[in-house]
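Asks: You'll find query-v8.csv just under this line, and it carries CSV, C-alpha atoms.
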chain,number,residue,atom,x,y,z
K,174,MET,CA,10.4,-2.3,-34.9
K,175,VAL,CA,8.9,-5.7,-34.7
K,176,VAL,CA,5.2,-5.9,-34.8
K,177,ASP,CA,3.3,-8.9,-33.3
K,178,ARG,CA,1.0,-9.8,-36.1
K,179,LYS,CA,-1.5,-11.2,-33.7
K,180,THR,CA,-2.2,-7.7,-32.4
K,181,THR,CA,-3.3,-6.2,-35.6
K,182,SER,CA,-6.1,-6.8,-38.0
K,183,PRO,CA,-5.9,-6.6,-41.8
K,184,LYS,CA,-7.1,-3.0,-41.5
K,185,GLY,CA,-4.4,-2.1,-39.1
K,186,SER,CA,-6.5,-1.7,-35.9
K,187,TYR,CA,-5.4,-3.4,-32.7
K,188,SER,CA,-7.1,-6.5,-31.2
K,189,SER,CA,-8.6,-6.7,-27.8
K,190,ASN,CA,-6.0,-9.3,-27.0
K,191,ALA,CA,-3.3,-6.7,-27.2
K,192,HIS,CA,-5.2,-4.6,-24.6
K,193,GLY,CA,-5.3,-7.4,-22.1
K,194,ARG,CA,-1.7,-8.4,-22.7
K,195,LEU,CA,-0.6,-4.8,-22.0
K,196,LEU,CA,-2.5,-4.8,-18.7
K,197,GLU,CA,-1.0,-8.1,-17.6
K,198,ALA,CA,2.5,-6.9,-18.6
K,199,GLY,CA,1.9,-3.6,-16.9
K,200,VAL,CA,1.1,-5.4,-13.6
K,201,ASP,CA,4.5,-7.1,-13.7
K,202,VAL,CA,6.7,-4.2,-15.1
K,203,PHE,CA,5.1,-1.4,-13.0
K,204,GLY,CA,5.0,-3.7,-10.0
K,205,LYS,CA,8.7,-4.5,-10.3
K,206,HIS,CA,10.2,-1.2,-11.4
K,207,GLY,CA,7.6,1.4,-10.3
K,208,PHE,CA,6.1,4.1,-12.5
K,209,ASP,CA,9.2,6.2,-13.1
K,210,ALA,CA,11.6,3.4,-13.9
K,211,ALA,CA,9.2,1.4,-16.0
K,212,THR,CA,9.2,2.3,-19.7
K,213,THR,CA,6.5,1.7,-22.3
K,214,ARG,CA,9.1,-0.2,-24.4
K,215,MET,CA,9.7,-2.6,-21.5
K,216,ILE,CA,5.9,-3.2,-21.2
K,217,ALA,CA,5.3,-3.6,-24.9
K,218,LYS,CA,8.2,-6.0,-25.2
K,219,LYS,CA,6.9,-8.2,-22.3
K,220,ALA,CA,3.4,-8.0,-23.8
K,221,GLY,CA,4.7,-8.9,-27.2
K,222,VAL,CA,2.9,-6.1,-28.9
K,223,ASN,CA,3.7,-3.0,-31.0
K,224,ILE,CA,4.7,-0.1,-28.7
K,225,ALA,CA,2.2,2.0,-30.7
K,226,ALA,CA,-0.6,0.0,-29.1
K,227,ILE,CA,0.0,1.9,-25.8
K,228,PRO,CA,-1.0,5.3,-27.0
K,229,TYR,CA,-3.7,3.7,-29.1
K,230,TYR,CA,-5.4,2.1,-26.1
K,231,PHE,CA,-4.3,4.2,-23.2
K,232,LYS,CA,-3.1,7.5,-24.5
K,233,GLY,CA,0.4,7.0,-23.1
K,234,LYS,CA,2.2,5.7,-20.1
K,235,GLU,CA,0.2,7.4,-17.4
K,236,GLY,CA,-3.1,6.3,-18.9
K,237,LEU,CA,-1.7,2.7,-19.0
K,238,TYR,CA,-0.7,2.9,-15.4
K,239,HIS,CA,-4.1,4.1,-14.3
K,240,ALA,CA,-5.7,1.3,-16.3
K,241,VAL,CA,-3.3,-1.2,-14.7
K,242,VAL,CA,-4.2,0.0,-11.2
K,243,ALA,CA,-7.9,-0.2,-12.1
K,244,TYR,CA,-7.3,-3.7,-13.4
K,245,VAL,CA,-5.7,-4.7,-10.1
K,246,ALA,CA,-8.4,-3.1,-8.1
K,247,GLY,CA,-11.0,-5.0,-10.1
K,248,LYS,CA,-9.3,-8.3,-9.3
K,249,LEU,CA,-9.2,-7.5,-5.6
K,250,GLU,CA,-12.8,-6.2,-5.7
K,251,SER,CA,-14.0,-9.5,-7.3
K,252,GLN,CA,-12.9,-11.4,-4.3
K,253,VAL,CA,-14.9,-9.5,-1.7
K,254,LYS,CA,-17.8,-7.8,-3.6
K,255,SER,CA,-20.4,-10.6,-3.0
K,256,THR,CA,-19.8,-10.5,0.7
K,257,LEU,CA,-19.8,-6.7,0.7
K,258,TYR,CA,-23.2,-6.7,-1.0
K,259,GLU,CA,-24.4,-9.2,1.5
K,260,ILE,CA,-23.3,-7.0,4.4
K,261,GLU,CA,-24.8,-3.9,2.8
K,262,GLY,CA,-28.1,-5.7,2.3
K,263,ARG,CA,-28.3,-7.0,5.9
K,264,VAL,CA,-27.4,-3.6,7.3
K,265,ALA,CA,-30.1,-2.0,5.2
K,266,GLU,CA,-32.7,-4.4,6.6
K,267,GLY,CA,-31.9,-3.1,10.1
K,268,ASN,CA,-32.2,-6.4,12.0
K,269,LEU,CA,-28.6,-7.6,12.1
K,270,ASP,CA,-27.7,-9.2,15.4
K,271,ARG,CA,-24.2,-9.6,17.0
K,272,LYS,CA,-23.8,-13.2,16.1
K,273,GLU,CA,-24.6,-12.7,12.4
K,274,ALA,CA,-22.4,-9.6,12.3
K,275,LEU,CA,-19.4,-11.6,13.6
K,276,SER,CA,-20.1,-14.3,11.1
K,277,LEU,CA,-20.2,-11.8,8.2
K,278,LEU,CA,-17.0,-10.2,9.5
K,279,GLU,CA,-15.3,-13.6,9.5
K,280,LYS,CA,-16.6,-14.3,6.1
K,281,LEU,CA,-15.2,-11.1,4.7
K,282,LEU,CA,-11.8,-11.6,6.3
K,283,GLU,CA,-11.7,-15.2,5.0
K,284,ASN,CA,-12.3,-13.8,1.5
K,285,MET,CA,-9.2,-11.6,2.0
K,286,ILE,CA,-7.1,-14.4,3.4
K,287,ASN,CA,-7.9,-16.8,0.7
K,288,PHE,CA,-6.8,-14.3,-2.0
K,289,MET,CA,-4.1,-12.2,-0.3
K,290,VAL,CA,-2.4,-15.2,1.4
K,291,GLY,CA,-3.5,-18.3,-0.6
K,292,SER,CA,-3.7,-17.0,-4.1
K,293,ALA,CA,-0.9,-17.6,-6.5
K,294,GLU,CA,-1.5,-14.3,-8.3
K,295,ALA,CA,-1.6,-12.2,-5.1
K,296,PRO,CA,2.2,-11.3,-5.2
K,297,ARG,CA,1.9,-9.7,-8.6
K,298,PHE,CA,-1.1,-7.5,-7.6
K,299,ALA,CA,0.3,-6.8,-4.1
K,300,ARG,CA,3.4,-5.1,-5.5
K,301,ILE,CA,1.2,-2.5,-7.2
K,302,VAL,CA,-0.9,-1.9,-4.1
K,303,LEU,CA,2.2,-1.7,-1.9
K,304,ARG,CA,3.9,0.8,-4.1
K,305,GLU,CA,0.8,3.0,-4.1
K,306,GLN,CA,0.7,2.8,-0.3
K,307,LEU,CA,4.3,3.9,0.0
K,308,TYR,CA,4.3,6.4,-2.8
K,309,PRO,CA,0.7,7.3,-3.6
K,310,SER,CA,0.0,8.8,-7.0
K,311,SER,CA,-3.3,10.1,-8.4
K,312,ALA,CA,-4.1,6.4,-9.2
K,313,TYR,CA,-4.3,5.6,-5.5
K,314,ASP,CA,-7.9,7.1,-5.5
K,315,ILE,CA,-8.8,4.0,-7.6
K,316,ILE,CA,-7.6,1.6,-4.9
K,317,PHE,CA,-9.0,3.6,-2.0
K,318,ASN,CA,-12.4,4.2,-3.5
K,319,ARG,CA,-12.9,0.7,-5.0
K,320,ILE,CA,-11.3,-1.5,-2.3
K,321,MET,CA,-10.1,0.1,0.9
K,322,ALA,CA,-13.0,2.5,1.7
K,323,PRO,CA,-15.7,-0.2,1.1
K,324,MET,CA,-13.7,-2.7,3.2
K,325,ILE,CA,-13.2,-0.3,6.1
K,326,ASN,CA,-16.8,0.8,6.0
K,327,ALA,CA,-18.2,-2.8,6.0
K,328,ILE,CA,-15.8,-4.1,8.7
K,329,SER,CA,-16.4,-1.0,10.9
K,330,LYS,CA,-20.2,-1.7,10.7
K,331,MET,CA,-19.7,-5.4,11.6
K,332,VAL,CA,-17.4,-4.5,14.5
K,333,ALA,CA,-19.8,-2.0,15.9
K,334,THR,CA,-22.7,-4.4,15.6
K,335,ALA,CA,-20.9,-7.4,16.9
K,336,THR,CA,-19.6,-5.5,19.9
K,337,GLY,CA,-22.7,-3.5,20.6
K,338,THR,CA,-20.9,-0.2,20.3
K,339,SER,CA,-21.4,2.8,18.1
K,340,LEU,CA,-20.0,3.3,14.6
K,341,SER,CA,-17.2,5.8,15.1
K,342,ARG,CA,-13.6,6.7,14.4
K,343,ILE,CA,-12.6,4.0,17.0
K,344,ALA,CA,-14.6,1.4,15.0
K,345,ASN,CA,-12.7,2.4,11.9
K,346,LEU,CA,-9.4,2.1,13.7
K,347,ARG,CA,-10.4,-1.4,14.9
K,348,ALA,CA,-11.4,-2.3,11.3
K,349,LEU,CA,-8.0,-1.3,10.1
K,350,THR,CA,-6.2,-3.4,12.7
K,351,LEU,CA,-8.3,-6.4,11.6
K,352,ILE,CA,-7.4,-5.8,7.9
K,353,GLY,CA,-3.8,-5.3,8.9
K,354,GLN,CA,-3.5,-8.8,10.4
K,355,VAL,CA,-4.2,-10.2,6.9
K,356,ILE,CA,-2.1,-7.8,4.9
K,357,VAL,CA,1.0,-8.4,7.0
K,358,PHE,CA,1.2,-11.9,5.7
K,359,ARG,CA,1.6,-10.5,2.2
K,360,VAL,CA,3.6,-7.3,2.9
K,361,ALA,CA,6.0,-9.2,5.2
K,362,ARG,CA,5.9,-12.5,3.4
K,363,GLU,CA,9.7,-13.1,3.5
K,364,THR,CA,9.9,-12.5,7.2
K,365,MET,CA,7.0,-14.8,7.8
K,366,VAL,CA,8.5,-17.6,5.7
K,367,ARG,CA,11.9,-17.3,7.4
K,368,ALA,CA,10.6,-16.8,10.9
K,369,LEU,CA,8.0,-19.6,10.8
K,370,GLY,CA,9.8,-22.0,8.4
K,371,LEU,CA,7.0,-21.9,5.9
K,372,LYS,CA,7.2,-23.0,2.2
K,373,GLY,CA,5.5,-19.8,1.1
K,374,TYR,CA,1.9,-20.3,1.9
K,375,SER,CA,0.9,-23.7,0.7
K,376,PRO,CA,-2.8,-24.7,1.1
K,377,GLU,CA,-2.0,-26.2,4.5
K,378,GLU,CA,-0.1,-23.1,5.6
K,379,THR,CA,-2.9,-20.8,4.4
K,380,ALA,CA,-5.4,-22.9,6.3
K,381,GLU,CA,-3.3,-22.6,9.5
K,382,ILE,CA,-3.0,-18.8,9.0
K,383,ARG,CA,-6.7,-18.4,8.4
K,384,GLY,CA,-7.5,-20.4,11.5
K,385,VAL,CA,-5.3,-18.1,13.7
K,386,ILE,CA,-6.6,-14.9,12.2
K,387,LEU,CA,-10.2,-15.8,12.6
K,388,GLU,CA,-9.6,-17.1,16.2
K,389,GLN,CA,-7.9,-13.8,17.0
K,390,THR,CA,-10.7,-11.8,15.5
K,391,ARG,CA,-13.3,-13.6,17.6
K,392,THR,CA,-11.3,-13.1,20.7
K,393,THR,CA,-10.8,-9.4,19.9
K,394,ILE,CA,-14.5,-8.9,19.3
K,395,GLU,CA,-15.4,-10.6,22.5
K,396,ALA,CA,-12.9,-8.5,24.5
K,397,MET,CA,-14.3,-5.3,23.0
K,398,SER,CA,-17.9,-6.0,24.0
K,399,PRO,CA,-19.5,-3.8,26.6
K,400,LEU,CA,-20.8,-7.0,28.2
K,401,ASN,CA,-17.2,-7.6,29.2
K,402,GLY,CA,-16.8,-4.2,30.7
K,403,ASN,CA,-15.1,-2.7,27.6
K,404,GLN,CA,-16.0,0.2,25.4
Please rewrite the model in this file as structure tokens.
Replies:
Amino acid sequence: MVVDRKTTSPKGSYSSNAHGRLLEAGVDVFGKHGFDAATTRMIAKKAGVNIAAIPYYFKGKEGLYHAVVAYVAGKLESQVKSTLYEIEGRVAEGNLDRKEALSLLEKLLENMINFMVGSAEAPRFARIVLREQLYPSSAYDIIFNRIMAPMINAISKMVATATGTSLSRIANLRALTLIGQVIVFRVARETMVRALGLKGYSPEETAEIRGVILEQTRTTIEAMSPLNGNQ
């Protein structure tokens, strides 16, 4: 067995560099092959580390997979957490008006668009999230609790405030449809590229997509307002 000398110290312990390389390799290998088909040998080889580093750091394949999902969740979380904190703070103050709620909603969706559509690293992370959506494992709780639940909660509150309606199951459904209009550009990327003749989300294409999504969001919020005779 070949050992990457960069991953071990003179005393035989593993470096933190090996830990990070295994997480990065795990994103690619688990994302491409899924949990069952991926092997620790494949991941160790891609990471360029001794396969024994996996049980050393993660106690095995399942532990590594959970760590990879948490790593992905952390990357996604970092894109939206400042806006989520801002929303939480404004809601707690109790004086959020409709105009500001719509502005915060657009800001949060824009965070999502910039990463999910415009980021070069999004395809790697999206494969993990999509597999967990289709075939949820015990690791899905990490994605739901750290990303999906906070996003749904924040968007539901902004939708309810911006439309002057109550926070309810309907508000949650509306929140999910707004999230969906962003996610579709990642999940159905190949269809979008072929149908629209796109290059694959260049900065200009991302800006165009962002403009349409935010325009549709404003139109939807306006249409849902009781002032327009809707509930």
Asks: Looking at K:Ile224, K:Val242, K:Ile216, K:Gln252, which one is nearest to Ser310 in chain K, with distances taken over all atoms listed in the file?
Replies: K:Val242
Asks: Taking into account all atoms listed in the file, which residue in the set K:Thr392, K:Ser341, K:Ser329, K:Asn318 is nearest to Leu277 in chain K?
Replies: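 Among K:Thr392, K:Ser341, K:Ser329, K:Asn318, it is K:Ser329 that comes nearest to Leu277 in chain K.
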Asks: As a VMD selection string, please: the residues near Phe203 in chain K (cut-off 10 Å, all atoms listed in the file, same-chain neighbours under 5 positions excluded).
Replies: chain K and resid 198 208 to 213 215 to 216 237 to 238 241 to 242 297 300 to 301 304
Asks: With C-alpha atoms retained, could you export that selection as a short mmCIF file (atom, residue, chain, number, x, y, z; two decimals), keeping the file's coordinate frame?
Replies:
data_model
loop_
_atom_site.label_atom_id
_atom_site.label_comp_id
_atom_site.auth_asym_id
_atom_site.auth_seq_id
_atom_site.Cartn_x
_atom_site.Cartn_y
_atom_site.Cartn_z
CA ALA K 198 2.50 -6.90 -18.60
CA PHE K 208 6.10 4.10 -12.50
CA ASP K 209 9.20 6.20 -13.10
CA ALA K 210 11.60 3.40 -13.90
CA ALA K 211 9.20 1.40 -16.00
CA THR K 212 9.20 2.30 -19.70
CA THR K 213 6.50 1.70 -22.30
CA MET K 215 9.70 -2.60 -21.50
CA ILE K 216 5.90 -3.20 -21.20
CA LEU K 237 -1.70 2.70 -19.00
CA TYR K 238 -0.70 2.90 -15.40
CA VAL K 241 -3.30 -1.20 -14.70
CA VAL K 242 -4.20 0.00 -11.20
CA ARG K 297 1.90 -9.70 -8.60
CA ARG K 300 3.40 -5.10 -5.50
CA ILE K 301 1.20 -2.50 -7.20
CA ARG K 304 3.90 0.80 -4.10
#
Asks: Please identify all polymer residues within 12 Å of range 356-371 of chain K, counting all atoms listed in the file, omitting same-chain residues fewer than 4 positions from it, and present them as number ranges by chain.
Replies: K: 282, 285-304, 306-307, 321, 349-352, 375-379, 381-383, 386
Asks: CA of Met397 in chain K to CA of Val253 in chain K: how many Å, to one decimal?
Replies: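 Straight-line distance from CA of Met397 in chain K to CA of Val253 in chain K works out to 25.1 Å.
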Asks: To one decimal in Å, tell me the separation between CA of Lys232 in chain K and CA of Lys219 in chain K.
Replies: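 The value is 18.7 Å.
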Asks: Find the residues near Arg391 in chain K: any atom within 10 Å, counting only C-alpha atoms, skip ones fewer than 6 places away on the same chain, and give them as an NGL selection string.
Replies: :K and (275-276 or 278-279 or 335 or 385 or 397)
Asks: How would you write as an mmCIF file with C-alpha atoms, in the coordinates of the input the residues that get within 10 Å of (-18.4, -5.3, 19.1) in the file's frame, counting all atoms listed in the file?
Replies:
data_model
loop_
_atom_site.group_PDB
_atom_site.id
_atom_site.type_symbol
_atom_site.label_atom_id
_atom_site.label_comp_id
_atom_site.auth_asym_id
_atom_site.auth_seq_id
_atom_site.Cartn_x
_atom_site.Cartn_y
_atom_site.Cartn_z
ATOM 1 C CA ARG K 271 -24.200 -9.600 17.000
ATOM 2 C CA ALA K 274 -22.400 -9.600 12.300
ATOM 3 C CA LEU K 275 -19.400 -11.600 13.600
ATOM 4 C CA SER K 329 -16.400 -1.000 10.900
ATOM 5 C CA LYS K 330 -20.200 -1.700 10.700
ATOM 6 C CA MET K 331 -19.700 -5.400 11.600
ATOM 7 C CA VAL K 332 -17.400 -4.500 14.500
ATOM 8 C CA ALA K 333 -19.800 -2.000 15.900
ATOM 9 C CA THR K 334 -22.700 -4.400 15.600
ATOM 10 C CA ALA K 335 -20.900 -7.400 16.900
ATOM 11 C CA THR K 336 -19.600 -5.500 19.900
ATOM 12 C CA GLY K 337 -22.700 -3.500 20.600
ATOM 13 C CA THR K 338 -20.900 -0.200 20.300
ATOM 14 C CA SER K 339 -21.400 2.800 18.100
ATOM 15 C CA LEU K 340 -20.000 3.300 14.600
ATOM 16 C CA ALA K 344 -14.600 1.400 15.000
ATOM 17 C CA ARG K 347 -10.400 -1.400 14.900
ATOM 18 C CA ARG K 391 -13.300 -13.600 17.600
ATOM 19 C CA THR K 393 -10.800 -9.400 19.900
ATOM 20 C CA ILE K 394 -14.500 -8.900 19.300
ATOM 21 C CA GLU K 395 -15.400 -10.600 22.500
ATOM 22 C CA ALA K 396 -12.900 -8.500 24.500
ATOM 23 C CA MET K 397 -14.300 -5.300 23.000
ATOM 24 C CA SER K 398 -17.900 -6.000 24.000
ATOM 25 C CA PRO K 399 -19.500 -3.800 26.600
ATOM 26 C CA LEU K 400 -20.800 -7.000 28.200
ATOM 27 C CA ASN K 403 -15.100 -2.700 27.600
ATOM 28 C CA GLN K 404 -16.000 0.200 25.400
#
Asks: Here's a test: counting only C-alpha atoms, identify every protein, DNA and RNA residue with an atom at most 12 Å from (-7.2, 6.3, -10.5) in the file's coordinate frame, and state them as number ranges by chain.
Replies: K: 235-247, 305, 309-319
